[in-house]
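Q: One file: model05.cif (mmCIF, C-alpha atoms and all ligand atoms).
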data_start
#
loop_
_atom_site.label_atom_id
_atom_site.label_comp_id
_atom_site.auth_asym_id
_atom_site.auth_seq_id
_atom_site.Cartn_x
_atom_site.Cartn_y
_atom_site.Cartn_z
CA MET Z 1 -43.41 89.53 -11.01
CA GLU Z 2 -39.69 89.09 -10.78
CA THR Z 3 -37.28 90.75 -8.43
CA ILE Z 4 -34.76 93.14 -9.88
CA ILE Z 5 -31.87 94.24 -7.72
CA ILE Z 6 -30.12 97.52 -8.28
CA GLU Z 7 -26.83 96.93 -6.48
CA LYS Z 8 -25.85 100.54 -6.41
CA CYS Z 9 -28.41 103.22 -6.95
CA PRO Z 10 -26.91 106.13 -8.94
CA LEU Z 11 -28.73 108.60 -6.70
CA CYS Z 12 -27.99 107.33 -3.19
CA ASN Z 13 -25.46 104.49 -3.70
CA GLN Z 14 -27.69 102.06 -1.82
CA LYS Z 15 -29.10 98.74 -2.89
CA HIS Z 16 -32.78 98.63 -3.88
CA GLU Z 17 -35.12 95.84 -4.86
CA TYR Z 18 -37.85 96.27 -7.43
CA SER Z 19 -40.57 94.10 -8.87
CA LEU Z 20 -40.97 93.89 -12.60
CA GLU Z 21 -43.62 92.09 -14.64
CA VAL Z 22 -41.96 89.46 -16.84
CA ASP Z 23 -43.92 87.30 -19.24
CA ARG Z 24 -42.18 83.96 -19.77
CA SER Z 25 -43.00 80.81 -21.67
CA ILE Z 26 -41.97 77.62 -19.97
CA ILE Z 27 -41.35 75.13 -22.75
CA MET Z 28 -41.59 71.49 -21.85
CA LYS Z 29 -39.30 69.39 -23.95
CA MET Z 30 -37.12 66.37 -23.81
CA LEU Z 31 -33.80 67.35 -22.37
CA THR Z 32 -30.81 66.56 -24.48
CA PRO Z 33 -27.30 66.48 -23.03
CA ASN Z 34 -26.73 69.87 -24.64
CA ASP Z 35 -29.60 71.39 -22.70
CA LEU Z 36 -28.04 70.41 -19.42
CA TYR Z 37 -25.04 72.54 -20.19
CA GLU Z 38 -26.95 75.36 -21.78
CA ARG Z 39 -26.00 78.73 -20.47
CA GLU Z 40 -28.81 81.15 -19.78
CA ARG Z 41 -28.82 84.11 -22.07
CA PRO Z 42 -28.74 87.64 -20.75
CA TYR Z 43 -31.77 89.71 -21.66
CA ARG Z 44 -31.20 93.38 -21.03
CA VAL Z 45 -33.93 95.92 -20.48
CA ARG Z 46 -33.70 99.62 -19.75
CA ARG Z 47 -36.29 100.90 -17.32
CA ILE Z 48 -37.06 103.85 -15.10
CA PHE Z 49 -36.69 103.19 -11.38
CA SER Z 50 -37.70 105.36 -8.52
CA CYS Z 51 -35.27 105.78 -5.64
CA PRO Z 52 -37.02 105.45 -2.27
CA THR Z 53 -34.33 107.43 -0.48
CA VAL Z 54 -34.18 110.63 -2.49
CA LYS Z 55 -37.58 110.07 -4.13
CA GLU Z 56 -36.32 110.75 -7.61
CA LYS Z 57 -36.30 108.66 -10.73
CA PHE Z 58 -33.33 107.25 -12.57
CA GLU Z 59 -32.85 105.08 -15.61
CA ALA Z 60 -30.89 101.84 -15.44
CA THR Z 61 -30.29 98.74 -17.51
CA VAL Z 62 -31.03 95.48 -15.77
CA THR Z 63 -30.23 91.98 -16.92
CA LEU Z 64 -32.72 89.14 -16.79
CA TYR Z 65 -31.89 85.63 -17.95
CA ASP Z 66 -33.71 83.24 -20.21
CA SER Z 67 -32.99 79.88 -21.78
CA SER Z 68 -34.53 77.77 -24.53
CA SER Z 69 -36.98 76.20 -22.08
CA ASN Z 70 -37.73 79.39 -20.16
CA ARG Z 71 -38.26 82.10 -22.73
CA ILE Z 72 -38.86 85.75 -21.97
CA ASN Z 73 -41.68 87.05 -24.20
CA ALA Z 74 -42.14 90.51 -22.83
CA VAL Z 75 -41.09 92.65 -19.94
CA GLY Z 76 -43.43 95.17 -18.36
CA THR Z 77 -42.67 98.85 -18.52
CA SER Z 78 -43.22 99.79 -14.91
CA THR Z 79 -41.17 98.87 -11.90
CA LYS Z 80 -42.16 99.18 -8.29
CA ILE Z 81 -40.22 99.18 -5.07
CA LYS Z 82 -40.25 95.82 -3.40
CA ASN Z 83 -39.12 96.90 0.01
CA ASN Z 84 -38.35 100.29 1.34
CA ASN Z 85 -35.83 99.59 4.02
CA GLY Z 86 -33.06 98.54 1.70
ZN ZN O 101 -31.51 105.10 -4.20
#
For this file, produce the structure as structure tokens.
A:
Amino acid sequence: METIIIEKCPLCNQKHEYSLEVDRSIIMKMLTPNDLYERERPYRVRRIFSCPTVKEKFEATVTLYDSSSNRINAVGTSTKIKNNNG
């Protein structure tokens, strides 16, 4: 599970934290000088989130990051609230 932060909920304008299942492959390899400067790549997913304040659902795109040694294979479809008190 990884933590997703919605900085500004479209329904209540508050910040919420969610957990999302992310399947990653950690690839062990010899580091080359290039790897040390490798930028992580944004990996965008669109998911349905449920606002704990107004108790309604909204859709948002969140950005996860992966790199050549930490590859995202799949991202789960369901999100759940990590903590309710914002
Ligand atoms: Zn909200």
Q: Mind listing the residues within 10 Å of ligand ZN 101 (chain O), only C-alpha atoms and all ligand atoms counted, as a ChimeraX atom specification?
A: /Z:6-17,49-58,86
Q: How far is it from CA of Arg39 (chain Z) to CA of Lys80 (chain Z), in Å with one decimal?
A: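 CA of Lys80 (chain Z) lies at a distance of 28.8 Å from CA of Arg39 (chain Z).
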Q: Let me make sure I understand: among Z:Ile81, Z:Val75, Z:Met1, Z:Tyr65, which one has the smallest atom-to-atom distance to Arg41 (chain Z) if we use all atoms listed in the file?
A: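 For Arg41 (chain Z), the nearest of the given residues is Z:Tyr65.
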Q: Val62 (chain Z): which residues within 8 Å, counting all atoms listed in the file, same-chain residues fewer than 6 positions away excluded, as a ChimeraX atom specification?
A: /Z:4,6,44-47
Q: Could you write out the selected residues, including C-alpha atoms, as a short mmCIF file (atom, residue, chain, number, x, y, z; two decimals), keeping the file's coordinate frame?
A:
data_model
loop_
_atom_site.label_atom_id
_atom_site.label_comp_id
_atom_site.auth_asym_id
_atom_site.auth_seq_id
_atom_site.Cartn_x
_atom_site.Cartn_y
_atom_site.Cartn_z
CA ILE Z 4 -34.76 93.14 -9.88
CA ILE Z 6 -30.12 97.52 -8.28
CA ARG Z 44 -31.20 93.38 -21.03
CA VAL Z 45 -33.93 95.92 -20.48
CA ARG Z 46 -33.70 99.62 -19.75
CA ARG Z 47 -36.29 100.90 -17.32
#
Q: Can you tell me which residues surround Ile72 (chain Z) at a distance of at most 7 Å, considering all atoms listed in the file, apart from same-chain residues fewer than 4 positions away, and format the answer as a list in words?
A: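 Near neighbours after the sequence-gap exclusion: Asp23, Arg24, Ser25 and Asp66 of chain Z.
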Q: Rounded to one decimal, what separation in Å do you get between CA of Leu64 (chain Z) and CA of Tyr43 (chain Z)?
A: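 Separation between CA of Leu64 (chain Z) and CA of Tyr43 (chain Z): 5.0 Å.
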Q: Give me, please, the distance in Å between CA of Ile48 (chain Z) and CA of Ser68 (chain Z), quoted to one decimal.
A: 27.8 Å
Q: Taking into account all atoms listed in the file, which residue in the set Z:Ile5, Z:Leu20, Z:Ile26, Z:Ala60 is nearest to Thr79 (chain Z)?
A: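 Using all atoms listed in the file, Thr79 (chain Z) sits closest to Z:Leu20.
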Q: Between Z:Thr3, Z:Ser69, Z:Thr61, Z:Asn83, which is the closest to Met30 (chain Z) once you count only C-alpha atoms?
A: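 Among the listed residues, the smallest separation from Met30 (chain Z) belongs to Z:Ser69.
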Q: Would you fill out region 9-37 of chain Z with N, CA and C atoms and return it as a PDB file, in the frame of the given file?
A:
ATOM      1  N   CYS Z   9     -27.552 102.178  -6.388  1.00  0.00           N
ATOM      2  CA  CYS Z   9     -28.410 103.220  -6.950  1.00  0.00           C
ATOM      3  C   CYS Z   9     -27.551 104.433  -7.314  1.00  0.00           C
ATOM      4  N   PRO Z  10     -27.725 104.978  -8.524  1.00  0.00           N
ATOM      5  CA  PRO Z  10     -26.910 106.130  -8.940  1.00  0.00           C
ATOM      6  C   PRO Z  10     -27.223 107.394  -8.135  1.00  0.00           C
ATOM      7  N   LEU Z  11     -28.344 107.398  -7.440  1.00  0.00           N
ATOM      8  CA  LEU Z  11     -28.730 108.600  -6.700  1.00  0.00           C
ATOM      9  C   LEU Z  11     -28.282 108.556  -5.245  1.00  0.00           C
ATOM     10  N   CYS Z  12     -28.329 107.386  -4.622  1.00  0.00           N
ATOM     11  CA  CYS Z  12     -27.990 107.330  -3.190  1.00  0.00           C
ATOM     12  C   CYS Z  12     -26.943 106.271  -2.870  1.00  0.00           C
ATOM     13  N   ASN Z  13     -26.482 105.526  -3.874  1.00  0.00           N
ATOM     14  CA  ASN Z  13     -25.460 104.490  -3.700  1.00  0.00           C
ATOM     15  C   ASN Z  13     -25.911 103.294  -2.861  1.00  0.00           C
ATOM     16  N   GLN Z  14     -27.205 103.201  -2.580  1.00  0.00           N
ATOM     17  CA  GLN Z  14     -27.690 102.060  -1.820  1.00  0.00           C
ATOM     18  C   GLN Z  14     -28.247 100.999  -2.746  1.00  0.00           C
ATOM     19  N   LYS Z  15     -28.541  99.849  -2.141  1.00  0.00           N
ATOM     20  CA  LYS Z  15     -29.100  98.740  -2.890  1.00  0.00           C
ATOM     21  C   LYS Z  15     -30.619  98.794  -2.780  1.00  0.00           C
ATOM     22  N   HIS Z  16     -31.313  98.652  -3.903  1.00  0.00           N
ATOM     23  CA  HIS Z  16     -32.780  98.630  -3.880  1.00  0.00           C
ATOM     24  C   HIS Z  16     -33.288  97.403  -4.602  1.00  0.00           C
ATOM     25  N   GLU Z  17     -34.452  96.939  -4.167  1.00  0.00           N
ATOM     26  CA  GLU Z  17     -35.120  95.840  -4.860  1.00  0.00           C
ATOM     27  C   GLU Z  17     -36.406  96.334  -5.474  1.00  0.00           C
ATOM     28  N   TYR Z  18     -36.636  95.891  -6.704  1.00  0.00           N
ATOM     29  CA  TYR Z  18     -37.850  96.270  -7.430  1.00  0.00           C
ATOM     30  C   TYR Z  18     -38.543  95.023  -7.942  1.00  0.00           C
ATOM     31  N   SER Z  19     -39.820  95.165  -8.207  1.00  0.00           N
ATOM     32  CA  SER Z  19     -40.570  94.100  -8.870  1.00  0.00           C
ATOM     33  C   SER Z  19     -40.853  94.534 -10.293  1.00  0.00           C
ATOM     34  N   LEU Z  20     -40.739  93.595 -11.194  1.00  0.00           N
ATOM     35  CA  LEU Z  20     -40.970  93.890 -12.600  1.00  0.00           C
ATOM     36  C   LEU Z  20     -41.769  92.730 -13.203  1.00  0.00           C
ATOM     37  N   GLU Z  21     -42.773  93.096 -13.985  1.00  0.00           N
ATOM     38  CA  GLU Z  21     -43.620  92.090 -14.640  1.00  0.00           C
ATOM     39  C   GLU Z  21     -42.826  91.456 -15.782  1.00  0.00           C
ATOM     40  N   VAL Z  22     -42.666  90.157 -15.756  1.00  0.00           N
ATOM     41  CA  VAL Z  22     -41.960  89.460 -16.840  1.00  0.00           C
ATOM     42  C   VAL Z  22     -42.842  88.333 -17.336  1.00  0.00           C
ATOM     43  N   ASP Z  23     -43.099  88.336 -18.635  1.00  0.00           N
ATOM     44  CA  ASP Z  23     -43.920  87.300 -19.240  1.00  0.00           C
ATOM     45  C   ASP Z  23     -42.997  86.239 -19.841  1.00  0.00           C
ATOM     46  N   ARG Z  24     -43.056  85.037 -19.290  1.00  0.00           N
ATOM     47  CA  ARG Z  24     -42.180  83.960 -19.770  1.00  0.00           C
ATOM     48  C   ARG Z  24     -42.989  82.790 -20.299  1.00  0.00           C
ATOM     49  N   SER Z  25     -42.423  82.065 -21.222  1.00  0.00           N
ATOM     50  CA  SER Z  25     -43.000  80.810 -21.670  1.00  0.00           C
ATOM     51  C   SER Z  25     -42.113  79.688 -21.170  1.00  0.00           C
ATOM     52  N   ILE Z  26     -42.719  78.785 -20.412  1.00  0.00           N
ATOM     53  CA  ILE Z  26     -41.970  77.620 -19.970  1.00  0.00           C
ATOM     54  C   ILE Z  26     -42.223  76.525 -21.012  1.00  0.00           C
ATOM     55  N   ILE Z  27     -41.195  76.095 -21.672  1.00  0.00           N
ATOM     56  CA  ILE Z  27     -41.350  75.130 -22.750  1.00  0.00           C
ATOM     57  C   ILE Z  27     -40.923  73.748 -22.257  1.00  0.00           C
ATOM     58  N   MET Z  28     -41.890  72.852 -22.267  1.00  0.00           N
ATOM     59  CA  MET Z  28     -41.590  71.490 -21.850  1.00  0.00           C
ATOM     60  C   MET Z  28     -40.997  70.744 -23.026  1.00  0.00           C
ATOM     61  N   LYS Z  29     -39.895  70.138 -22.838  1.00  0.00           N
ATOM     62  CA  LYS Z  29     -39.300  69.390 -23.950  1.00  0.00           C
ATOM     63  C   LYS Z  29     -38.392  68.320 -23.375  1.00  0.00           C
ATOM     64  N   MET Z  30     -38.052  67.404 -24.218  1.00  0.00           N
ATOM     65  CA  MET Z  30     -37.120  66.370 -23.810  1.00  0.00           C
ATOM     66  C   MET Z  30     -35.747  67.015 -23.673  1.00  0.00           C
ATOM     67  N   LEU Z  31     -35.125  66.767 -22.558  1.00  0.00           N
ATOM     68  CA  LEU Z  31     -33.800  67.350 -22.370  1.00  0.00           C
ATOM     69  C   LEU Z  31     -32.754  66.531 -23.112  1.00  0.00           C
ATOM     70  N   THR Z  32     -31.945  67.223 -23.838  1.00  0.00           N
ATOM     71  CA  THR Z  32     -30.810  66.560 -24.480  1.00  0.00           C
ATOM     72  C   THR Z  32     -29.581  66.902 -23.653  1.00  0.00           C
ATOM     73  N   PRO Z  33     -28.501  66.148 -23.823  1.00  0.00           N
ATOM     74  CA  PRO Z  33     -27.300  66.480 -23.030  1.00  0.00           C
ATOM     75  C   PRO Z  33     -26.858  67.924 -23.212  1.00  0.00           C
ATOM     76  N   ASN Z  34     -27.076  68.471 -24.402  1.00  0.00           N
ATOM     77  CA  ASN Z  34     -26.730  69.870 -24.640  1.00  0.00           C
ATOM     78  C   ASN Z  34     -27.488  70.832 -23.745  1.00  0.00           C
ATOM     79  N   ASP Z  35     -28.773  70.506 -23.503  1.00  0.00           N
ATOM     80  CA  ASP Z  35     -29.600  71.390 -22.700  1.00  0.00           C
ATOM     81  C   ASP Z  35     -29.081  71.500 -21.271  1.00  0.00           C
ATOM     82  N   LEU Z  36     -28.513  70.411 -20.800  1.00  0.00           N
ATOM     83  CA  LEU Z  36     -28.040  70.410 -19.420  1.00  0.00           C
ATOM     84  C   LEU Z  36     -26.893  71.391 -19.222  1.00  0.00           C
ATOM     85  N   TYR Z  37     -26.182  71.634 -20.300  1.00  0.00           N
ATOM     86  CA  TYR Z  37     -25.040  72.540 -20.190  1.00  0.00           C
ATOM     87  C   TYR Z  37     -25.351  73.904 -20.775  1.00  0.00           C
TER      88      TYR Z  37
END
